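*Asks:* Following this line is model-v9.tsv, made up of TSV, C-alpha atoms:
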```tsv
chain	number	residue	atom	x	y	z
A	98	MET	CA	81.42	30.05	16.11
A	99	MET	CA	80.26	26.64	17.38
A	100	ASN	CA	82.57	23.75	16.49
A	101	ARG	CA	81.29	20.43	15.26
A	102	ARG	CA	81.87	18.62	18.59
A	103	LYS	CA	79.93	21.21	20.59
A	104	PHE	CA	77.11	21.23	18.01
A	105	LEU	CA	76.69	17.46	18.24
A	106	ALA	CA	76.74	17.56	22.02
A	107	THR	CA	74.11	20.28	22.12
A	108	THR	CA	71.92	18.46	19.63
A	109	ALA	CA	72.14	15.20	21.58
A	110	ALA	CA	71.21	16.93	24.81
A	111	GLY	CA	68.22	18.56	23.17
A	112	ALA	CA	67.04	15.27	21.75
A	113	ALA	CA	67.34	13.59	25.13
A	114	ALA	CA	65.35	16.34	26.79
A	115	THR	CA	62.69	16.07	24.13
A	116	ALA	CA	62.46	12.32	24.61
A	117	LEU	CA	61.81	12.82	28.32
A	118	MET	CA	58.95	15.25	27.70
A	119	PRO	CA	55.46	13.72	28.13
A	120	MET	CA	53.72	13.00	24.82
A	121	PRO	CA	50.29	14.56	24.32
A	122	PHE	CA	47.42	12.10	24.89
A	123	VAL	CA	45.63	11.21	21.65
A	124	ARG	CA	42.29	9.37	21.86
A	125	ALA	CA	41.87	6.75	19.16
A	126	GLN	CA	38.88	7.59	17.01
A	127	SER	CA	36.96	4.52	15.81
A	128	GLU	CA	33.62	3.97	14.14
A	129	THR	CA	31.36	0.96	14.21
A	130	VAL	CA	30.73	0.02	10.58
A	131	ILE	CA	27.31	-1.48	9.80
A	132	LYS	CA	27.07	-3.33	6.48
A	133	MET	CA	23.64	-2.85	4.94
A	134	GLY	CA	22.46	-4.87	1.94
A	135	ALA	CA	20.09	-3.13	-0.49
A	136	LEU	CA	18.60	-4.14	-3.83
A	137	LYS	CA	19.15	-2.08	-6.95
A	138	LEU	CA	15.50	-1.02	-6.95
A	139	ILE	CA	13.60	2.06	-5.86
A	140	HIS	CA	12.03	-0.18	-3.18
A	141	SER	CA	15.46	-0.24	-1.55
A	142	ILE	CA	16.35	3.45	-1.89
A	143	ALA	CA	16.07	4.28	1.84
A	144	PRO	CA	19.63	3.14	2.75
A	145	HIS	CA	21.03	5.76	0.41
A	146	PHE	CA	19.59	8.37	2.80
A	147	TYR	CA	21.08	6.75	5.91
A	148	GLU	CA	24.21	8.91	6.06
A	149	GLN	CA	22.36	12.03	7.15
A	150	PHE	CA	20.68	10.16	10.01
A	151	THR	CA	23.61	8.08	11.25
A	152	PRO	CA	24.69	9.02	14.81
A	153	ALA	CA	28.29	9.74	15.77
A	154	GLY	CA	30.40	6.63	16.25
A	155	TYR	CA	28.70	4.69	13.46
A	156	LYS	CA	29.11	4.39	9.72
A	157	VAL	CA	26.75	2.54	7.37
A	158	GLU	CA	28.21	0.88	4.30
A	159	VAL	CA	25.51	0.21	1.69
A	160	ILE	CA	26.18	-2.92	-0.38
A	161	PRO	CA	24.00	-3.37	-3.50
A	162	PHE	CA	22.55	-6.68	-4.71
A	163	GLU	CA	20.81	-7.63	-7.94
A	164	SER	CA	18.19	-10.03	-6.58
A	165	PRO	CA	16.26	-10.69	-3.35
A	166	THR	CA	17.88	-14.12	-3.07
A	167	GLU	CA	21.36	-12.59	-3.23
A	168	GLY	CA	20.44	-10.09	-0.55
A	169	LYS	CA	18.98	-12.75	1.71
A	170	ASN	CA	21.98	-15.03	1.22
A	171	ALA	CA	24.34	-12.20	2.16
A	172	VAL	CA	22.57	-11.90	5.52
A	173	VAL	CA	22.60	-15.67	6.05
A	174	THR	CA	26.35	-15.89	5.32
A	175	LYS	CA	27.01	-12.74	7.39
A	176	SER	CA	28.50	-10.92	4.40
A	177	VAL	CA	26.29	-8.06	5.54
A	178	ASP	CA	24.83	-7.28	8.96
A	179	PHE	CA	21.34	-6.44	7.74
A	180	GLY	CA	19.50	-6.50	4.44
A	181	MET	CA	16.33	-5.61	2.54
A	182	PHE	CA	14.65	-8.19	0.34
A	183	GLY	CA	11.22	-9.57	-0.49
A	184	ILE	CA	9.03	-11.43	1.98
A	185	ALA	CA	9.23	-14.33	-0.48
A	186	ALA	CA	13.01	-14.68	-0.09
A	187	ALA	CA	12.75	-14.42	3.70
A	188	THR	CA	10.03	-17.06	3.89
A	189	LEU	CA	11.86	-19.42	1.53
A	190	GLY	CA	15.00	-19.12	3.61
A	191	ALA	CA	13.24	-19.64	6.93
A	192	ALA	CA	11.29	-22.63	5.59
A	193	ALA	CA	14.64	-24.17	4.63
A	194	GLY	CA	15.93	-23.71	8.16
A	195	GLU	CA	18.14	-20.70	7.46
A	196	PRO	CA	18.78	-18.31	10.41
A	197	ILE	CA	16.96	-15.38	8.84
A	198	VAL	CA	14.86	-13.08	11.03
A	199	VAL	CA	12.45	-10.35	9.91
A	200	ILE	CA	12.87	-7.41	12.30
A	201	GLY	CA	11.16	-4.59	10.40
A	202	GLY	CA	9.47	-3.38	7.25
A	203	ALA	CA	11.23	-1.98	4.18
A	204	CYS	CA	8.75	-1.32	1.37
A	205	ASN	CA	5.12	-1.96	0.57
A	206	LYS	CA	3.54	-1.83	-2.90
A	207	GLY	CA	6.02	-1.49	-5.80
A	208	MET	CA	4.24	-4.05	-8.01
A	209	GLY	CA	2.14	-3.75	-11.13
A	210	VAL	CA	0.29	-5.81	-13.72
A	211	VAL	CA	1.09	-4.19	-17.08
A	212	ALA	CA	-0.29	-4.81	-20.57
A	213	GLY	CA	0.38	-3.21	-23.96
A	214	LYS	CA	-0.98	0.31	-24.30
A	215	ASP	CA	-3.43	-0.65	-27.06
A	216	SER	CA	-4.16	-4.11	-25.66
A	217	PRO	CA	-7.76	-5.23	-25.04
A	218	ILE	CA	-6.63	-6.39	-21.59
A	219	ALA	CA	-8.37	-4.14	-19.08
A	220	SER	CA	-8.69	-6.39	-16.02
A	221	ILE	CA	-7.21	-9.48	-14.41
A	222	ALA	CA	-10.02	-11.55	-15.90
A	223	ASP	CA	-8.87	-10.43	-19.38
A	224	LEU	CA	-5.56	-12.24	-18.88
A	225	LYS	CA	-7.26	-15.52	-19.73
A	226	GLY	CA	-5.51	-17.11	-22.68
A	227	MET	CA	-2.76	-14.46	-22.68
A	228	ARG	CA	1.04	-14.74	-22.47
A	229	VAL	CA	1.92	-13.29	-19.06
A	230	ALA	CA	5.48	-12.80	-17.83
A	231	ILE	CA	5.90	-13.96	-14.22
A	232	TRP	CA	9.12	-14.52	-12.29
A	233	PRO	CA	8.80	-17.91	-10.50
A	234	GLY	CA	9.30	-17.87	-6.74
A	235	SER	CA	8.78	-14.12	-6.52
A	236	THR	CA	6.46	-12.13	-4.29
A	237	GLN	CA	4.66	-11.04	-7.47
A	238	GLU	CA	3.92	-14.65	-8.44
A	239	VAL	CA	2.02	-15.27	-5.22
A	240	PHE	CA	0.03	-12.06	-5.63
A	241	ILE	CA	-0.99	-12.66	-9.24
A	242	LEU	CA	-1.99	-16.28	-8.64
A	243	GLU	CA	-4.19	-15.18	-5.76
A	244	ARG	CA	-5.75	-12.46	-7.92
A	245	LEU	CA	-6.41	-15.03	-10.65
A	246	ARG	CA	-8.07	-17.30	-8.09
A	247	MET	CA	-10.27	-14.43	-6.93
A	248	GLU	CA	-11.42	-14.01	-10.55
A	249	GLY	CA	-12.21	-17.72	-10.91
A	250	LEU	CA	-9.04	-18.41	-12.91
A	251	SER	CA	-5.81	-20.33	-12.33
A	252	ILE	CA	-2.35	-20.59	-13.81
A	253	ALA	CA	-3.79	-23.09	-16.32
A	254	ASP	CA	-5.91	-20.28	-17.81
A	255	ILE	CA	-2.91	-18.22	-18.90
A	256	THR	CA	0.41	-18.93	-20.61
A	257	PRO	CA	3.04	-18.05	-18.00
A	258	VAL	CA	6.37	-16.91	-19.44
A	259	ARG	CA	9.52	-16.99	-17.29
A	260	ILE	CA	11.18	-13.57	-17.69
A	261	SER	CA	13.27	-11.60	-15.19
A	262	PHE	CA	11.93	-8.29	-13.90
A	263	SER	CA	14.57	-6.29	-15.78
A	264	GLU	CA	13.54	-7.84	-19.12
A	265	MET	CA	9.76	-7.61	-18.79
A	266	HIS	CA	9.36	-4.12	-20.24
A	267	LEU	CA	11.49	-4.97	-23.27
A	268	ALA	CA	9.60	-8.23	-23.84
A	269	LEU	CA	6.32	-6.29	-23.82
A	270	ALA	CA	7.73	-3.69	-26.21
A	271	ARG	CA	8.83	-6.44	-28.63
A	272	GLY	CA	5.45	-8.14	-28.49
A	273	ASP	CA	6.89	-11.33	-26.98
A	274	ILE	CA	4.27	-11.22	-24.22
A	275	ASP	CA	0.81	-9.74	-23.76
A	276	ALA	CA	1.28	-8.63	-20.16
A	277	TYR	CA	3.65	-8.89	-17.22
A	278	VAL	CA	3.53	-8.88	-13.44
A	279	GLY	CA	6.48	-6.67	-12.63
A	280	ALA	CA	8.34	-4.68	-10.03
A	281	GLU	CA	9.03	-0.97	-10.20
A	282	PRO	CA	10.58	0.73	-12.05
A	283	ALA	CA	9.47	-1.53	-14.95
A	284	PRO	CA	5.80	-0.43	-14.78
A	285	GLY	CA	6.95	3.20	-14.64
A	286	VAL	CA	9.23	2.65	-17.65
A	287	SER	CA	6.39	1.07	-19.65
A	288	LEU	CA	4.10	3.99	-18.81
A	289	ALA	CA	6.67	6.70	-19.50
A	290	SER	CA	7.68	5.20	-22.84
A	291	GLY	CA	4.09	4.79	-24.02
A	292	VAL	CA	4.55	1.03	-24.40
A	293	GLY	CA	2.24	-0.09	-21.61
A	294	LYS	CA	-0.69	0.63	-19.36
A	295	ILE	CA	-1.52	-0.44	-15.82
A	296	VAL	CA	-4.05	-3.23	-15.65
A	297	GLU	CA	-4.00	-3.30	-11.89
A	298	TYR	CA	-1.86	-2.69	-8.84
A	299	PRO	CA	-2.56	-6.07	-7.19
A	300	TYR	CA	-3.10	-4.99	-3.59
A	301	GLY	CA	-6.67	-6.18	-3.19
A	302	THR	CA	-5.89	-9.53	-1.56
A	303	GLU	CA	-5.62	-10.49	2.12
A	304	MET	CA	-1.87	-9.92	1.75
A	305	GLY	CA	-2.46	-6.20	1.19
A	306	ALA	CA	0.56	-4.37	-0.26
A	307	LEU	CA	3.18	-6.43	1.60
A	308	ASN	CA	6.45	-6.63	-0.32
A	309	MET	CA	9.92	-6.07	1.14
A	310	ILE	CA	11.21	-6.61	4.67
A	311	PHE	CA	14.21	-5.71	6.83
A	312	GLY	CA	16.14	-8.84	7.81
A	313	ALA	CA	18.98	-9.92	10.07
A	314	HIS	CA	20.88	-13.06	11.05
A	315	SER	CA	19.69	-14.59	14.33
A	316	ASP	CA	23.27	-14.48	15.67
A	317	THR	CA	23.43	-10.71	15.15
A	318	LEU	CA	20.30	-10.20	17.23
A	319	ALA	CA	21.56	-12.48	19.99
A	320	GLU	CA	25.10	-11.10	20.11
A	321	ARG	CA	24.65	-7.43	19.16
A	322	PRO	CA	21.03	-6.41	19.79
A	323	GLU	CA	22.07	-2.77	20.23
A	324	LEU	CA	23.18	-2.74	16.58
A	325	ALA	CA	19.66	-3.66	15.47
A	326	SER	CA	18.21	-0.79	17.50
A	327	VAL	CA	20.67	1.68	15.98
A	328	ILE	CA	20.18	0.65	12.34
A	329	LEU	CA	16.40	0.45	12.60
A	330	ASP	CA	16.24	3.97	14.03
A	331	ILE	CA	18.40	5.20	11.14
A	332	HIS	CA	16.15	3.28	8.73
A	333	ARG	CA	13.01	4.77	10.29
A	334	GLN	CA	14.26	8.34	9.91
A	335	ALA	CA	15.50	7.79	6.36
A	336	SER	CA	12.26	6.11	5.24
A	337	GLU	CA	10.07	8.81	6.75
A	338	TYR	CA	12.24	11.53	5.23
A	339	ALA	CA	12.11	10.00	1.73
A	340	MET	CA	8.34	9.55	1.89
A	341	ALA	CA	7.87	13.14	3.05
A	342	ASN	CA	10.17	14.42	0.30
A	343	PRO	CA	9.21	12.57	-2.91
A	344	GLU	CA	11.37	14.80	-5.09
A	345	ALA	CA	14.41	13.85	-3.01
A	346	MET	CA	13.48	10.18	-3.38
A	347	VAL	CA	13.19	10.57	-7.15
A	348	GLU	CA	16.50	12.43	-7.33
A	349	MET	CA	18.28	9.75	-5.29
A	350	ALA	CA	16.77	6.93	-7.37
A	351	VAL	CA	17.83	8.59	-10.62
A	352	MET	CA	21.36	9.06	-9.28
A	353	LYS	CA	21.80	5.62	-7.67
A	354	LEU	CA	19.82	3.42	-10.07
A	355	GLY	CA	20.60	5.09	-13.38
A	356	GLN	CA	16.95	5.19	-14.43
A	357	GLN	CA	15.30	7.90	-16.50
A	358	ARG	CA	13.65	10.60	-14.42
A	359	ASP	CA	10.26	10.40	-16.17
A	360	ALA	CA	10.03	6.68	-15.41
A	361	ILE	CA	11.07	7.10	-11.77
A	362	GLU	CA	8.54	9.91	-11.31
A	363	LEU	CA	5.80	7.50	-12.38
A	364	SER	CA	7.19	4.68	-10.23
A	365	ALA	CA	7.59	6.65	-7.00
A	366	PRO	CA	3.87	7.00	-6.16
A	367	ASN	CA	3.62	3.19	-6.33
A	368	VAL	CA	6.33	2.74	-3.70
A	369	GLU	CA	5.71	3.00	0.04
A	370	LEU	CA	8.91	3.02	2.07
A	371	THR	CA	8.25	1.78	5.57
A	372	TRP	CA	9.95	0.58	8.75
A	373	TYR	CA	7.18	-0.68	11.02
A	374	PHE	CA	6.19	-4.33	11.14
A	375	GLY	CA	3.25	-5.00	13.44
A	376	GLU	CA	0.20	-7.22	13.79
A	377	THR	CA	-1.16	-6.35	10.33
A	378	GLU	CA	2.12	-7.19	8.62
A	379	LEU	CA	2.52	-10.37	10.67
A	380	SER	CA	-0.95	-11.53	9.64
A	381	GLN	CA	-0.29	-10.71	5.97
A	382	SER	CA	3.05	-12.54	6.09
A	383	LYS	CA	1.47	-15.68	7.52
A	384	ILE	CA	-1.22	-15.66	4.85
A	385	TYR	CA	1.50	-15.18	2.26
A	386	ALA	CA	3.44	-18.17	3.62
A	387	GLN	CA	0.31	-20.31	3.47
A	388	HIS	CA	-0.10	-19.42	-0.22
A	389	MET	CA	3.53	-20.43	-0.79
A	390	VAL	CA	2.76	-23.86	0.66
A	391	GLU	CA	-0.28	-24.21	-1.58
A	392	LEU	CA	1.84	-23.26	-4.61
A	393	ASN	CA	4.54	-25.78	-3.58
A	394	GLN	CA	7.09	-22.96	-3.32
A	395	ILE	CA	7.82	-24.30	0.17
A	396	GLN	CA	7.02	-27.74	1.58
A	397	ALA	CA	5.95	-26.56	5.02
A	398	LEU	CA	5.35	-23.36	6.93
A	399	PRO	CA	8.41	-21.83	8.63
A	400	ASP	CA	8.57	-21.42	12.40
A	401	PHE	CA	6.95	-18.00	12.73
A	402	ASP	CA	8.25	-17.56	16.28
A	403	THR	CA	11.83	-17.57	14.99
A	404	LEU	CA	11.16	-15.89	11.63
A	405	PHE	CA	9.67	-12.71	13.14
A	406	ASP	CA	11.10	-10.53	15.90
A	407	THR	CA	9.23	-7.24	16.23
A	408	ARG	CA	10.59	-6.10	19.62
A	409	PHE	CA	12.92	-3.52	18.05
A	410	VAL	CA	10.28	-1.76	15.95
A	411	GLU	CA	7.86	-1.85	18.86
A	412	GLU	CA	10.45	-0.09	21.02
A	413	LEU	CA	10.96	2.48	18.27
A	414	LYS	CA	7.24	3.02	17.97
A	415	GLN	CA	7.06	3.79	21.69
A	416	LYS	CA	9.83	6.37	21.36
A	417	ALA	CA	8.58	7.97	18.13
```
Please render this file's structure as structure tokens.

*Replies:*
Amino acid sequence: MMNRRKFLATTAAGAAATALMPMPFVRAQSETVIKMGALKLIHSIAPHFYEQFTPAGYKVEVIPFESPTEGKNAVVTKSVDFGMFGIAAATLGAAAGEPIVVIGGACNKGMGVVAGKDSPIASIADLKGMRVAIWPGSTQEVFILERLRMEGLSIADITPVRISFSEMHLALARGDIDAYVGAEPAPGVSLASGVGKIVEYPYGTEMGALNMIFGAHSDTLAERPELASVILDIHRQASEYAMANPEAMVEMAVMKLGQQRDAIELSAPNVELTWYFGETELSQSKIYAQHMVELNQIQALPDFDTLFDTRFVEELKQKA
């Protein structure tokens, strides 16, 4: 029977021997986290598909924002690494000297001019004398004012009503307005509920269906260009997947946005998720900026050479 002294001696010897044994080598596992800003709109649903296309060694954290301005400001303040927001927000920021750079596309279309279901309004020309909800400073404002001009009208020919996108459908349902120039899913909600009808999807201008872009801080591109290549490739795959699988896009939008399925199903065909930003988009963006100057939304054109950087999407296009 081992006495206490011998037990302690044996235990100490064993511990010493163990301490001298080489420890197994353990490689530290680390991931590069990319913070991605996305709006709470179906236009910005692509980031919610990123996980399945993210390569080993990276993790994308999707951070939601309520408005394009919030999303753009998050990029400018480096609260996020990249973000999706309207071309209007990007142009406003760049014109004010903010270090915002458009490096890719995010979403085209997604807009709609909506009137009451039984309204006599059947065309843009019919908006004359009507109460029309428009969100000042938005991409939609520039599009509708250009469409009015094309019909020989101006803002003076309608009664513009300042209402946020989220309130437009309800204002139409209450009869507070005769029509609105909205962003999906509002047009889809108005259609699904039987409250409204589509007057026009306003894509017949020189600006085409340009809407949302993929932006970054200029410092990020200068200091970590490889990060831009990685996230844009993830974005490309996610966008193409969602467009090729509309039911998956609807399902994700219902889950992430909390919208009714019937409304999202009507909104989805009016949303074009994209990643490429080439000569056509550059031309449309410059025309858009010129309209912003004419509308006094900005005092002068931004420096296009610093606002746009398409090298990353061009490299992706070559590989695709």

*Asks:* Could you name the residues that touch segment 281-287 of chain A at 9 Å or less, counting only C-alpha atoms, but leaving out those on the same chain fewer than 4 positions away, as a ChimeraX atom specification?

*Replies:* /A:138-140,207-214,262-267,269-270,291-295,356-357,359-365,367-368

*Asks:* Could you write those residues out with C-alpha atoms, as a PDB file, in the coordinates of the input?

*Replies:*
```pdb
ATOM      1  CA  LEU A 138      15.500  -1.020  -6.950  1.00  0.00           C
ATOM      2  CA  ILE A 139      13.600   2.060  -5.860  1.00  0.00           C
ATOM      3  CA  HIS A 140      12.030  -0.180  -3.180  1.00  0.00           C
ATOM      4  CA  GLY A 207       6.020  -1.490  -5.800  1.00  0.00           C
ATOM      5  CA  MET A 208       4.240  -4.050  -8.010  1.00  0.00           C
ATOM      6  CA  GLY A 209       2.140  -3.750 -11.130  1.00  0.00           C
ATOM      7  CA  VAL A 210       0.290  -5.810 -13.720  1.00  0.00           C
ATOM      8  CA  VAL A 211       1.090  -4.190 -17.080  1.00  0.00           C
ATOM      9  CA  ALA A 212      -0.290  -4.810 -20.570  1.00  0.00           C
ATOM     10  CA  GLY A 213       0.380  -3.210 -23.960  1.00  0.00           C
ATOM     11  CA  LYS A 214      -0.980   0.310 -24.300  1.00  0.00           C
ATOM     12  CA  PHE A 262      11.930  -8.290 -13.900  1.00  0.00           C
ATOM     13  CA  SER A 263      14.570  -6.290 -15.780  1.00  0.00           C
ATOM     14  CA  GLU A 264      13.540  -7.840 -19.120  1.00  0.00           C
ATOM     15  CA  MET A 265       9.760  -7.610 -18.790  1.00  0.00           C
ATOM     16  CA  HIS A 266       9.360  -4.120 -20.240  1.00  0.00           C
ATOM     17  CA  LEU A 267      11.490  -4.970 -23.270  1.00  0.00           C
ATOM     18  CA  LEU A 269       6.320  -6.290 -23.820  1.00  0.00           C
ATOM     19  CA  ALA A 270       7.730  -3.690 -26.210  1.00  0.00           C
ATOM     20  CA  GLY A 291       4.090   4.790 -24.020  1.00  0.00           C
ATOM     21  CA  VAL A 292       4.550   1.030 -24.400  1.00  0.00           C
ATOM     22  CA  GLY A 293       2.240  -0.090 -21.610  1.00  0.00           C
ATOM     23  CA  LYS A 294      -0.690   0.630 -19.360  1.00  0.00           C
ATOM     24  CA  ILE A 295      -1.520  -0.440 -15.820  1.00  0.00           C
ATOM     25  CA  GLN A 356      16.950   5.190 -14.430  1.00  0.00           C
ATOM     26  CA  GLN A 357      15.300   7.900 -16.500  1.00  0.00           C
ATOM     27  CA  ASP A 359      10.260  10.400 -16.170  1.00  0.00           C
ATOM     28  CA  ALA A 360      10.030   6.680 -15.410  1.00  0.00           C
ATOM     29  CA  ILE A 361      11.070   7.100 -11.770  1.00  0.00           C
ATOM     30  CA  GLU A 362       8.540   9.910 -11.310  1.00  0.00           C
ATOM     31  CA  LEU A 363       5.800   7.500 -12.380  1.00  0.00           C
ATOM     32  CA  SER A 364       7.190   4.680 -10.230  1.00  0.00           C
ATOM     33  CA  ALA A 365       7.590   6.650  -7.000  1.00  0.00           C
ATOM     34  CA  ASN A 367       3.620   3.190  -6.330  1.00  0.00           C
ATOM     35  CA  VAL A 368       6.330   2.740  -3.700  1.00  0.00           C
TER      36      VAL A 368
END
```

*Asks:* Counting all atoms listed in the file, what is within 8 Å of Val157 of chain A, bar same-chain residues fewer than 5 positions away, as a list of chain:residue names?

*Replies:*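 Near neighbours after the sequence-gap exclusion: A:Val130, A:Ile131, A:Lys132, A:Met133, A:Tyr147, A:Glu148, A:Thr151.
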
*Asks:* What is the atom CA of Gln149 of chain A to atom CA of Asp330 of chain A distance in Å?

*Replies:*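 Computed distance, atom CA of Gln149 of chain A to atom CA of Asp330 of chain A, equals 12.2 Å.
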
*Asks:* Need the shell around Arg408 of chain A: protein/DNA/RNA residues with any atom at most 12 Å away, counting all atoms listed in the file. Skip same-chain ones fewer than 5 positions apart. Format as a list in words?

*Replies:*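 Here the qualifying residues turn out to be Val198, Val199, Ile200, Gly201, Leu318, Pro322, Glu323, Ala325, Ser326, Leu329, Tyr373, Phe374, Gly375, Glu376, Leu413, Lys414 and Gln415 of chain A.
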
*Asks:* Rounded to one decimal place, report the atom CA of Glu158 of chain A-atom CA of Ala339 of chain A distance in Å.

*Replies:* 18.7 Å

*Asks:* Just want the 10 Å neighbourhood of Lys353 of chain A, counted on all atoms listed in the file, with same-chain residues fewer than 3 positions away dropped. Output as number ranges by chain.

*Replies:* A: 137-139, 142, 145, 347-350, 356

*Asks:* Could you work out how far atom CA of Ala335 of chain A lies from atom CA of Glu297 of chain A, giving the answer in Å with one decimal?

*Replies:*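 Calculated distance between atom CA of Glu297 of chain A and atom CA of Ala335 of chain A is 28.9 Å.
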
*Asks:* Using only C-alpha atoms for the distances, tell me which of A:Asp400, A:Glu243, A:Asp254, A:Glu163 is nearest to Leu189 of chain A.

*Replies:*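 Checking each candidate against Leu189 of chain A, we get A:Asp400 as the closest.
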
*Asks:* Which segment 291-408 of chain A residues have any atom within 10 Å of an atom of segment 172-177 of chain A, and for each, what is the nearest pair of atoms with distance in Å to one decimal, counting only C-alpha atoms, rows sorted by chain and number, as JSON lines?

*Replies:*
```
{"residue": "A:Gly312", "atom": "CA", "partner": "A:Val172", "partner_atom": "CA", "distance": 7.5}
{"residue": "A:Ala313", "atom": "CA", "partner": "A:Val172", "partner_atom": "CA", "distance": 6.1}
{"residue": "A:His314", "atom": "CA", "partner": "A:Val173", "partner_atom": "CA", "distance": 5.9}
{"residue": "A:Ser315", "atom": "CA", "partner": "A:Val173", "partner_atom": "CA", "distance": 8.8}
{"residue": "A:Asp316", "atom": "CA", "partner": "A:Lys175", "partner_atom": "CA", "distance": 9.3}
{"residue": "A:Thr317", "atom": "CA", "partner": "A:Lys175", "partner_atom": "CA", "distance": 8.8}
```

*Asks:* My list of candidates is A:Phe150, A:Tyr300, A:Tyr155, A:Phe311. Which is closest to Ala186 of chain A when distances are computed with only C-alpha atoms?

*Replies:*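 Smallest separation from Ala186 of chain A among the options: A:Phe311.
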
*Asks:* Between segment 244-358 of chain A and segment 223-232 of chain A, at 8 Å or less, what are the per-residue closest atom pairs and their distances in Å? Count all atoms listed in the file, order by chain and rising residue number, and return it as a tab-separated table.

*Replies:*
```
residue	atom	partner	partner_atom	distance
A:Leu250	CA	A:Lys225	CA	7.6
A:Asp254	CA	A:Lys225	CA	5.3
A:Ile255	CA	A:Gly226	CA	4.7
A:Thr256	CA	A:Arg228	CA	4.6
A:Pro257	CA	A:Val229	CA	5.0
A:Val258	CA	A:Ala230	CA	4.5
A:Arg259	CA	A:Trp232	CA	5.6
A:Ile260	CA	A:Ala230	CA	5.8
A:Ser261	CA	A:Trp232	CA	5.8
A:Phe262	CA	A:Trp232	CA	7.0
A:Met265	CA	A:Ala230	CA	6.8
A:Ile274	CA	A:Arg228	CA	5.1
A:Asp275	CA	A:Arg228	CA	5.2
A:Ala276	CA	A:Val229	CA	4.8
A:Tyr277	CA	A:Ala230	CA	4.4
A:Val278	CA	A:Ile231	CA	5.7
A:Gly279	CA	A:Ile231	CA	7.5
```

*Asks:* Of the candidates A:Ala203, A:Pro152, A:Ser235, A:Ser251, which shows the shortest atom-to-atom distance to Glu337 of chain A, using all atoms listed in the file?

*Replies:*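 Selected residue with least distance to Glu337 of chain A: A:Ala203.
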
*Asks:* Restricting the calculation to all atoms listed in the file, which member of A:Ile310, A:Glu391, A:Ile252, A:Arg271 is positioned closest to Leu136 of chain A?

*Replies:* A:Ile310

*Asks:* Rank A:Leu324, A:Met352, A:Ala171, A:Ala143 by their smallest atom-to-atom distance to Met340 of chain A, using all atoms listed in the file, and report the top residue only.

*Replies:* A:Ala143

*Asks:* Can you pull segment 140-151 of chain A out of that block with C-alpha atoms and hand it back as a JSON list (two decimals), in the first residue's frame?

*Replies:*
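Below is the file decode-v2.json, written as the result:
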```
[["chain", "number", "residue", "atom", "x", "y", "z"],
["A", 140, "HIS", "CA", -33.03, 45.91, -53.89],
["A", 141, "SER", "CA", -30.42, 45.03, -51.26],
["A", 142, "ILE", "CA", -31.27, 41.34, -50.78],
["A", 143, "ALA", "CA", -28.11, 39.97, -52.45],
["A", 144, "PRO", "CA", -25.88, 40.24, -49.32],
["A", 145, "HIS", "CA", -28.19, 37.82, -47.53],
["A", 146, "PHE", "CA", -27.02, 35.17, -50.03],
["A", 147, "TYR", "CA", -23.32, 35.94, -49.53],
["A", 148, "GLU", "CA", -22.67, 33.22, -46.95],
["A", 149, "GLN", "CA", -22.95, 30.37, -49.44],
["A", 150, "PHE", "CA", -20.42, 32.04, -51.77],
["A", 151, "THR", "CA", -17.89, 33.27, -49.21]]
```
